[in-house]
Amino acid sequence: MNLIPQSIDDLSPEKRSALMRRSMEDVSSEYDYVRGLVRDVRERGDAAVVEGLRGLGEDIESGRLEVLPEEISAACHRVDGRVVEALRVAARNITRFHRAQREREMWSVEVAEGILAGRITRPMDRVGCYVPGGRAAYPSTTLMTVIPARVAGVREIVAVTPAGGEGDIPDVTLAALDIAGCDRVFRAGGPWGIAALAYGTETVPKVDKIVGPGNRYVTAAKMIVYGEVDIDSPAGPSESLILADDTGDPEILALDFLSQTEHDPDSAAVLVTTSRDLAARVCEWIEERAASLPRKEIIERSVAAHSHVLVARDLNQAVEFANDYAPEHLQIITRDPFIVLNRIRHAGSIFLGPYSPVPAGDYASGTNHVLPTGRTARMFSGLSVDDFIKKPTFQYLSREGLEGLKETIVTLAEAEGLPIHARAVEARFRKESDDPDHRASS
């Protein structure tokens with residue numbers, strides 16, 4: 001694989017820039033094509049969805065877009081009992097973690113005498129979860145998207161997911177949807193599924209928000225329908241940065257590194273360590289076993305294109321690089337990872353210590369694995385309960401409270417050239433001064 005440690009100080013500006021870009025997806029080239037598909041679904045509904053899916057080789061009829069409850073029940077009975085139990089354990093942990101995210105339903109503060117202002121939380125009415133599929137089943141993503149919505153109190157949760165050539169969704173995906181508490185499931189993958197959720201069809205209901213990862217066409221469709229519905233952050237190929245000092249175990253670090261590269265040829269893995277000896281030993285471990293690795297072709301392409309082993313001159317430089325990289329997954333394997341944690345500003349999900357591998361968060365520790373990629377952790381967070389609630393504000397002003405603000409409001413309204421705004425406030429007190437009953441009571 002020709003994986004060679006390189007000093008951060010020796011990176012050219014061009015090399016560092018390419019490393020930071022990794023496999024960031026620019027889906028703009030797909031917009032024209034996908035926009036046509038989305039428009040077709042908006043105008044023709046189920047017929048356009050079915051035609052699109054048949055074009056992918058999926059045997060779908062209009063009457064079979066929705067998966068019936070009895071089909072889900074039968075699928076659950078076909079799944080291996082150990083897998084079902086593993087899904088239930090993961091679901092319990094994910095539920096427990098996301099319940100802790102819920103905020104108070106209402107809070108208020110007296111911002112000045114006679115002025116009460118506050119905020120309430122309200123869940124969305126209906127959301128759609130995109131569950132990727134096609135070549136593989138992703139029951140873990142099912143749990144990660146549906147459960148936070150359920151915990152948030154969303155009234156109705158629907159899912160769309162690709163079906164196989166016979167129009168069948170993997171049993172394990174249906175079992176996960178059932179365990180997570182999804183209300184309705186539809187055989188509608190790709191941009192057709194996204195458009196169906198955004199605009200609604202004869203069969204698929206229109207939703208308020210769409211969440212869940214997918215390929216570049218799915219991502220393009222989500223970007224196109226944004227505004228008609230809300231979406232989560234666009235997600236690209238999986239990525240991880242490991243920050244380690246000389247306490248790291250070479251074999252463990254090598255396996256953690258490779259576990260990211262086996263996802264996809266566009267996945268990225270980066271090891272940043274303060275120990276040149278450790279960096280060399282990790283590379284040696286990987287090189288010695290390269291020929292016998294499973295998913296060897298995928299790993300080799302990922303390592304060649306987007307993966308690196310870097311040596312920092314000290315922990316300060318390593319942390320600075322990690323924050324600049326803003327990874328989807330960040331592992332901290334140092335003497336005191338919690339000290340380092342306090343210095344991390346940008347990361348999707350953070351894994352502390354040698355016994356916290358990324359697969360723990362991928363599957364069962366409770367945190368969400370739908371995370372920002374491609375340096376978008378600088379401004380986005382992972383999927384959470386917050387993604388499924390709205391936070392309207394409210395206020396109550398007494399007469400005295402409004403009177404105390406009257407001059408301020410009128411002055412600002414007039415400065416902005418909105419005189420009726422000012423009159424709406426002044427009129428309340430003018431009417432009182434014209435009211436003989438009010439004058440007498442005063």
# chains A, B, ... in the order shown; residues from 1 in each chain; ligands from 1
>>> select_by_dssp(residues="range 120-343 of chain A", states="strand (DSSP E)", output="PyMOL selection string")
chain A and resi 120+122-123+126-130+156-161+184-187+209-211+230-231+239-244+268-273+308-311+329-333
>>> residues_around(residues="Ile210 in chain A", least_positions_apart="4", cutoff="10 Å", atoms="only C-alpha atoms", output="NGL selection string")
:A and (126-130 or 145 or 158-159 or 194 or 197-198 or 222 or 225-226 or 229-232 or 388)
>>> closest_atom_pairs(of="range 70-159 of chain A", to="range 366-387 of chain A", cutoff="6 Å", atoms="only C-alpha atoms", output="JSON lines")
{"residue": "A:Asn93", "atom": "CA", "partner": "A:Gly366", "partner_atom": "CA", "distance": 4.5}
{"residue": "A:Ile94", "atom": "CA", "partner": "A:Gly366", "partner_atom": "CA", "distance": 3.7}
{"residue": "A:Phe97", "atom": "CA", "partner": "A:Gly366", "partner_atom": "CA", "distance": 5.4}
{"residue": "A:Met144", "atom": "CA", "partner": "A:Asn368", "partner_atom": "CA", "distance": 5.7}
{"residue": "A:Pro148", "atom": "CA", "partner": "A:Val385", "partner_atom": "CA", "distance": 5.0}
{"residue": "A:Ala152", "atom": "CA", "partner": "A:Val385", "partner_atom": "CA", "distance": 5.3}
>>> closest_residue(among="A:Ala415, A:Ala305, A:Ala290, A:Ala244", to="Leu352 in chain A", atoms="only C-alpha atoms")
A:Ala244
>>> closest_residue(among="A:Ala221, A:Ile299, A:Ile420, A:Val319", to="Arg35 in chain A", atoms="only C-alpha atoms")
A:Ala221
>>> closest_residue(among="A:Pro294, A:Pro359, A:Pro213, A:Gly417", to="Pro191 in chain A", atoms="only C-alpha atoms")
A:Pro213
>>> closest_residue(among="A:Ala86, A:Asp9, A:Glu400, A:Val425", to="Ser365 in chain A", atoms="only C-alpha atoms")
A:Ala86
>>> closest_residue(among="A:Leu87, A:Leu330, A:Leu315, A:Ala112", to="Tyr138 in chain A", atoms="only C-alpha atoms")
A:Leu87
>>> residues_around(residues="Asp171 in chain A", least_positions_apart="3", cutoff="12 Å", atoms="only C-alpha atoms", output="count of residues only")
26
>>> atom_distance(atom1="CA of Ile157 in chain A", atom2="CA of Ala196 in chain A")
14.3 Å
>>> select_by_dssp(residues="range 34-279 of chain A", states="alpha helix (DSSP H)", output="ChimeraX atom specification")
/A:34-44,46-55,69-78,81-99,139-152,171-180,190-199,216-225,250-261,276-279
>>> closest_residue(among="A:Phe338, A:Phe186, A:Phe257, A:Phe321", to="Val358 in chain A", atoms="only C-alpha atoms")
A:Phe257
>>> atom_distance(atom1="CA of Ser292 in chain A", atom2="CA of Asp246 in chain A")
27.4 Å
>>> residues_around(residues="Pro5 in chain A", least_positions_apart="4", cutoff="9 Å", atoms="only C-alpha atoms", output="PyMOL selection string")
chain A and resi 276+279-280+283+308-311
>>> atom_distance(atom1="CA of Asn316 in chain A", atom2="CA of Arg21 in chain A")
22.2 Å
>>> residues_around(residues="range 122-124 of chain A", least_positions_apart="5", cutoff="10 Å", atoms="only C-alpha atoms", output="ChimeraX atom specification")
/A:105-106,149-157,207-209,385-392
>>> write_last_selection(atoms="N, CA and C atoms", output="PDB file, in the first residue's frame")
ATOM      1  N   GLU A 105     -39.969  21.718  28.286  1.00  0.00           N
ATOM      2  CA  GLU A 105     -40.989  22.071  27.298  1.00  0.00           C
ATOM      3  C   GLU A 105     -41.235  23.572  27.242  1.00  0.00           C
ATOM      4  N   MET A 106     -40.977  24.260  28.361  1.00  0.00           N
ATOM      5  CA  MET A 106     -41.191  25.702  28.366  1.00  0.00           C
ATOM      6  C   MET A 106     -40.292  26.347  29.407  1.00  0.00           C
ATOM      7  N   ALA A 149     -36.319  10.806  16.312  1.00  0.00           N
ATOM      8  CA  ALA A 149     -37.608  11.413  15.968  1.00  0.00           C
ATOM      9  C   ALA A 149     -38.694  10.934  16.917  1.00  0.00           C
ATOM     10  N   ARG A 150     -38.667   9.645  17.232  1.00  0.00           N
ATOM     11  CA  ARG A 150     -39.649   9.091  18.159  1.00  0.00           C
ATOM     12  C   ARG A 150     -39.490   9.708  19.544  1.00  0.00           C
ATOM     13  N   VAL A 151     -38.262   9.827  20.016  1.00  0.00           N
ATOM     14  CA  VAL A 151     -38.003  10.416  21.337  1.00  0.00           C
ATOM     15  C   VAL A 151     -38.440  11.881  21.360  1.00  0.00           C
ATOM     16  N   ALA A 152     -38.260  12.580  20.244  1.00  0.00           N
ATOM     17  CA  ALA A 152     -38.648  13.995  20.173  1.00  0.00           C
ATOM     18  C   ALA A 152     -40.152  14.183  20.246  1.00  0.00           C
ATOM     19  N   GLY A 153     -40.922  13.121  19.963  1.00  0.00           N
ATOM     20  CA  GLY A 153     -42.374  13.216  20.020  1.00  0.00           C
ATOM     21  C   GLY A 153     -43.035  13.479  18.682  1.00  0.00           C
ATOM     22  N   VAL A 154     -42.319  13.236  17.585  1.00  0.00           N
ATOM     23  CA  VAL A 154     -42.900  13.417  16.248  1.00  0.00           C
ATOM     24  C   VAL A 154     -44.145  12.536  16.124  1.00  0.00           C
ATOM     25  N   ARG A 155     -45.220  13.105  15.576  1.00  0.00           N
ATOM     26  CA  ARG A 155     -46.494  12.382  15.524  1.00  0.00           C
ATOM     27  C   ARG A 155     -46.460  11.196  14.576  1.00  0.00           C
ATOM     28  N   GLU A 156     -45.822  11.361  13.414  1.00  0.00           N
ATOM     29  CA  GLU A 156     -45.785  10.275  12.439  1.00  0.00           C
ATOM     30  C   GLU A 156     -44.403  10.222  11.797  1.00  0.00           C
ATOM     31  N   ILE A 157     -43.811   9.035  11.784  1.00  0.00           N
ATOM     32  CA  ILE A 157     -42.490   8.824  11.196  1.00  0.00           C
ATOM     33  C   ILE A 157     -42.638   7.830  10.056  1.00  0.00           C
ATOM     34  N   VAL A 207     -43.868  15.146   4.038  1.00  0.00           N
ATOM     35  CA  VAL A 207     -43.297  15.290   5.381  1.00  0.00           C
ATOM     36  C   VAL A 207     -42.797  16.716   5.593  1.00  0.00           C
ATOM     37  N   ASP A 208     -42.413  17.009   6.825  1.00  0.00           N
ATOM     38  CA  ASP A 208     -41.875  18.325   7.165  1.00  0.00           C
ATOM     39  C   ASP A 208     -40.349  18.356   7.086  1.00  0.00           C
ATOM     40  N   LYS A 209     -39.726  17.196   7.264  1.00  0.00           N
ATOM     41  CA  LYS A 209     -38.263  17.138   7.253  1.00  0.00           C
ATOM     42  C   LYS A 209     -37.826  15.766   6.779  1.00  0.00           C
ATOM     43  N   VAL A 385     -32.152  14.801  18.811  1.00  0.00           N
ATOM     44  CA  VAL A 385     -33.543  15.165  19.084  1.00  0.00           C
ATOM     45  C   VAL A 385     -33.827  16.584  18.593  1.00  0.00           C
ATOM     46  N   ASP A 386     -32.843  17.461  18.692  1.00  0.00           N
ATOM     47  CA  ASP A 386     -33.025  18.857  18.271  1.00  0.00           C
ATOM     48  C   ASP A 386     -33.445  18.974  16.807  1.00  0.00           C
ATOM     49  N   ASP A 387     -33.075  17.995  15.988  1.00  0.00           N
ATOM     50  CA  ASP A 387     -33.411  18.051  14.570  1.00  0.00           C
ATOM     51  C   ASP A 387     -34.902  17.871  14.313  1.00  0.00           C
ATOM     52  N   PHE A 388     -35.639  17.423  15.302  1.00  0.00           N
ATOM     53  CA  PHE A 388     -37.047  17.095  15.091  1.00  0.00           C
ATOM     54  C   PHE A 388     -37.997  17.964  15.906  1.00  0.00           C
ATOM     55  N   ILE A 389     -37.471  19.022  16.502  1.00  0.00           N
ATOM     56  CA  ILE A 389     -38.331  19.921  17.267  1.00  0.00           C
ATOM     57  C   ILE A 389     -38.176  21.347  16.774  1.00  0.00           C
ATOM     58  N   LYS A 390     -39.219  22.137  17.022  1.00  0.00           N
ATOM     59  CA  LYS A 390     -39.200  23.569  16.750  1.00  0.00           C
ATOM     60  C   LYS A 390     -39.258  24.282  18.092  1.00  0.00           C
ATOM     61  N   LYS A 391     -38.769  25.518  18.114  1.00  0.00           N
ATOM     62  CA  LYS A 391     -38.685  26.241  19.378  1.00  0.00           C
ATOM     63  C   LYS A 391     -39.306  27.631  19.238  1.00  0.00           C
ATOM     64  N   PRO A 392     -40.644  27.701  19.187  1.00  0.00           N
ATOM     65  CA  PRO A 392     -41.284  29.022  19.110  1.00  0.00           C
ATOM     66  C   PRO A 392     -41.041  29.818  20.390  1.00  0.00           C
TER      67      PRO A 392
END
>>> decode(residues="range 4-43 of chain A", atoms="N, CA and C atoms", output="compact mmCIF listing (two decimals), in the first residue's frame")
# COMPACT_ATOMS: atom_id res chain seq x y z
N ILE A 4 3.38 5.61 4.17
CA ILE A 4 4.61 6.10 4.77
C ILE A 4 4.29 7.29 5.68
N PRO A 5 4.79 7.28 6.92
CA PRO A 5 4.57 8.44 7.81
C PRO A 5 5.16 9.70 7.21
N GLN A 6 4.46 10.81 7.45
CA GLN A 6 4.93 12.10 6.95
C GLN A 6 4.74 13.14 8.04
N SER A 7 5.71 14.01 8.19
CA SER A 7 5.62 15.08 9.18
C SER A 7 4.62 16.15 8.72
N ILE A 8 3.81 16.64 9.66
CA ILE A 8 2.89 17.73 9.34
C ILE A 8 3.67 18.95 8.83
N ASP A 9 4.82 19.19 9.43
CA ASP A 9 5.64 20.34 9.02
C ASP A 9 6.11 20.23 7.57
N ASP A 10 6.18 19.01 7.04
CA ASP A 10 6.68 18.81 5.68
C ASP A 10 5.58 18.86 4.62
N LEU A 11 4.33 19.00 5.04
CA LEU A 11 3.23 19.05 4.08
C LEU A 11 3.28 20.37 3.30
N SER A 12 3.27 20.28 1.99
CA SER A 12 3.20 21.50 1.18
C SER A 12 1.79 22.08 1.30
N PRO A 13 1.62 23.36 1.01
CA PRO A 13 0.27 23.94 1.04
C PRO A 13 -0.71 23.18 0.16
N GLU A 14 -0.23 22.73 -1.01
CA GLU A 14 -1.11 21.99 -1.92
C GLU A 14 -1.49 20.63 -1.34
N LYS A 15 -0.52 19.94 -0.72
CA LYS A 15 -0.78 18.63 -0.13
C LYS A 15 -1.74 18.76 1.05
N ARG A 16 -1.52 19.77 1.89
CA ARG A 16 -2.40 19.96 3.05
C ARG A 16 -3.82 20.30 2.58
N SER A 17 -3.92 21.13 1.56
CA SER A 17 -5.24 21.49 1.05
C SER A 17 -5.98 20.27 0.50
N ALA A 18 -5.26 19.41 -0.24
CA ALA A 18 -5.88 18.20 -0.78
C ALA A 18 -6.31 17.26 0.34
N LEU A 19 -5.48 17.18 1.39
CA LEU A 19 -5.79 16.34 2.53
C LEU A 19 -7.06 16.83 3.22
N MET A 20 -7.18 18.14 3.36
CA MET A 20 -8.37 18.70 4.00
C MET A 20 -9.62 18.51 3.15
N ARG A 21 -9.47 18.58 1.83
CA ARG A 21 -10.63 18.40 0.96
C ARG A 21 -11.11 16.96 0.97
N ARG A 22 -10.20 16.03 1.18
CA ARG A 22 -10.42 14.58 1.05
C ARG A 22 -11.43 14.30 -0.05
N SER A 23 -12.53 13.63 0.25
CA SER A 23 -13.48 13.26 -0.81
C SER A 23 -14.76 14.07 -0.71
N MET A 24 -14.64 15.33 -0.36
CA MET A 24 -15.83 16.18 -0.30
C MET A 24 -16.59 16.09 -1.62
N GLU A 25 -17.87 15.81 -1.51
CA GLU A 25 -18.67 15.62 -2.71
C GLU A 25 -19.25 16.93 -3.22
N ASP A 26 -19.01 17.22 -4.47
CA ASP A 26 -19.68 18.32 -5.13
C ASP A 26 -20.75 17.69 -6.02
N VAL A 27 -22.00 17.78 -5.55
CA VAL A 27 -23.08 17.12 -6.28
C VAL A 27 -23.76 18.05 -7.27
N SER A 28 -23.21 19.25 -7.43
CA SER A 28 -23.84 20.22 -8.32
C SER A 28 -23.94 19.71 -9.75
N SER A 29 -22.99 18.84 -10.16
CA SER A 29 -23.02 18.31 -11.52
C SER A 29 -24.23 17.40 -11.75
N GLU A 30 -24.84 16.94 -10.67
CA GLU A 30 -26.01 16.06 -10.78
C GLU A 30 -27.32 16.83 -10.72
N TYR A 31 -27.25 18.14 -10.45
CA TYR A 31 -28.48 18.90 -10.20
C TYR A 31 -29.46 18.87 -11.37
N ASP A 32 -28.97 19.11 -12.58
CA ASP A 32 -29.89 19.17 -13.72
C ASP A 32 -30.63 17.85 -13.91
N TYR A 33 -29.88 16.75 -13.84
CA TYR A 33 -30.49 15.43 -14.01
C TYR A 33 -31.49 15.14 -12.89
N VAL A 34 -31.06 15.34 -11.65
CA VAL A 34 -31.92 15.02 -10.52
C VAL A 34 -33.11 15.97 -10.44
N ARG A 35 -32.90 17.22 -10.80
CA ARG A 35 -34.02 18.18 -10.77
C ARG A 35 -35.16 17.73 -11.67
N GLY A 36 -34.82 17.14 -12.81
CA GLY A 36 -35.85 16.62 -13.70
C GLY A 36 -36.63 15.48 -13.08
N LEU A 37 -35.93 14.59 -12.38
CA LEU A 37 -36.59 13.47 -11.71
C LEU A 37 -37.52 13.97 -10.61
N VAL A 38 -37.02 14.93 -9.84
CA VAL A 38 -37.81 15.49 -8.73
C VAL A 38 -39.07 16.17 -9.27
N ARG A 39 -38.91 16.95 -10.35
CA ARG A 39 -40.06 17.64 -10.94
C ARG A 39 -41.09 16.63 -11.44
N ASP A 40 -40.62 15.53 -12.02
CA ASP A 40 -41.51 14.50 -12.54
C ASP A 40 -42.35 13.89 -11.42
N VAL A 41 -41.72 13.62 -10.29
CA VAL A 41 -42.45 13.05 -9.14
C VAL A 41 -43.45 14.07 -8.61
N ARG A 42 -43.06 15.32 -8.57
CA ARG A 42 -43.96 16.36 -8.09
C ARG A 42 -45.21 16.45 -8.96
N GLU A 43 -45.02 16.28 -10.26
CA GLU A 43 -46.14 16.44 -11.19
C GLU A 43 -46.96 15.16 -11.37
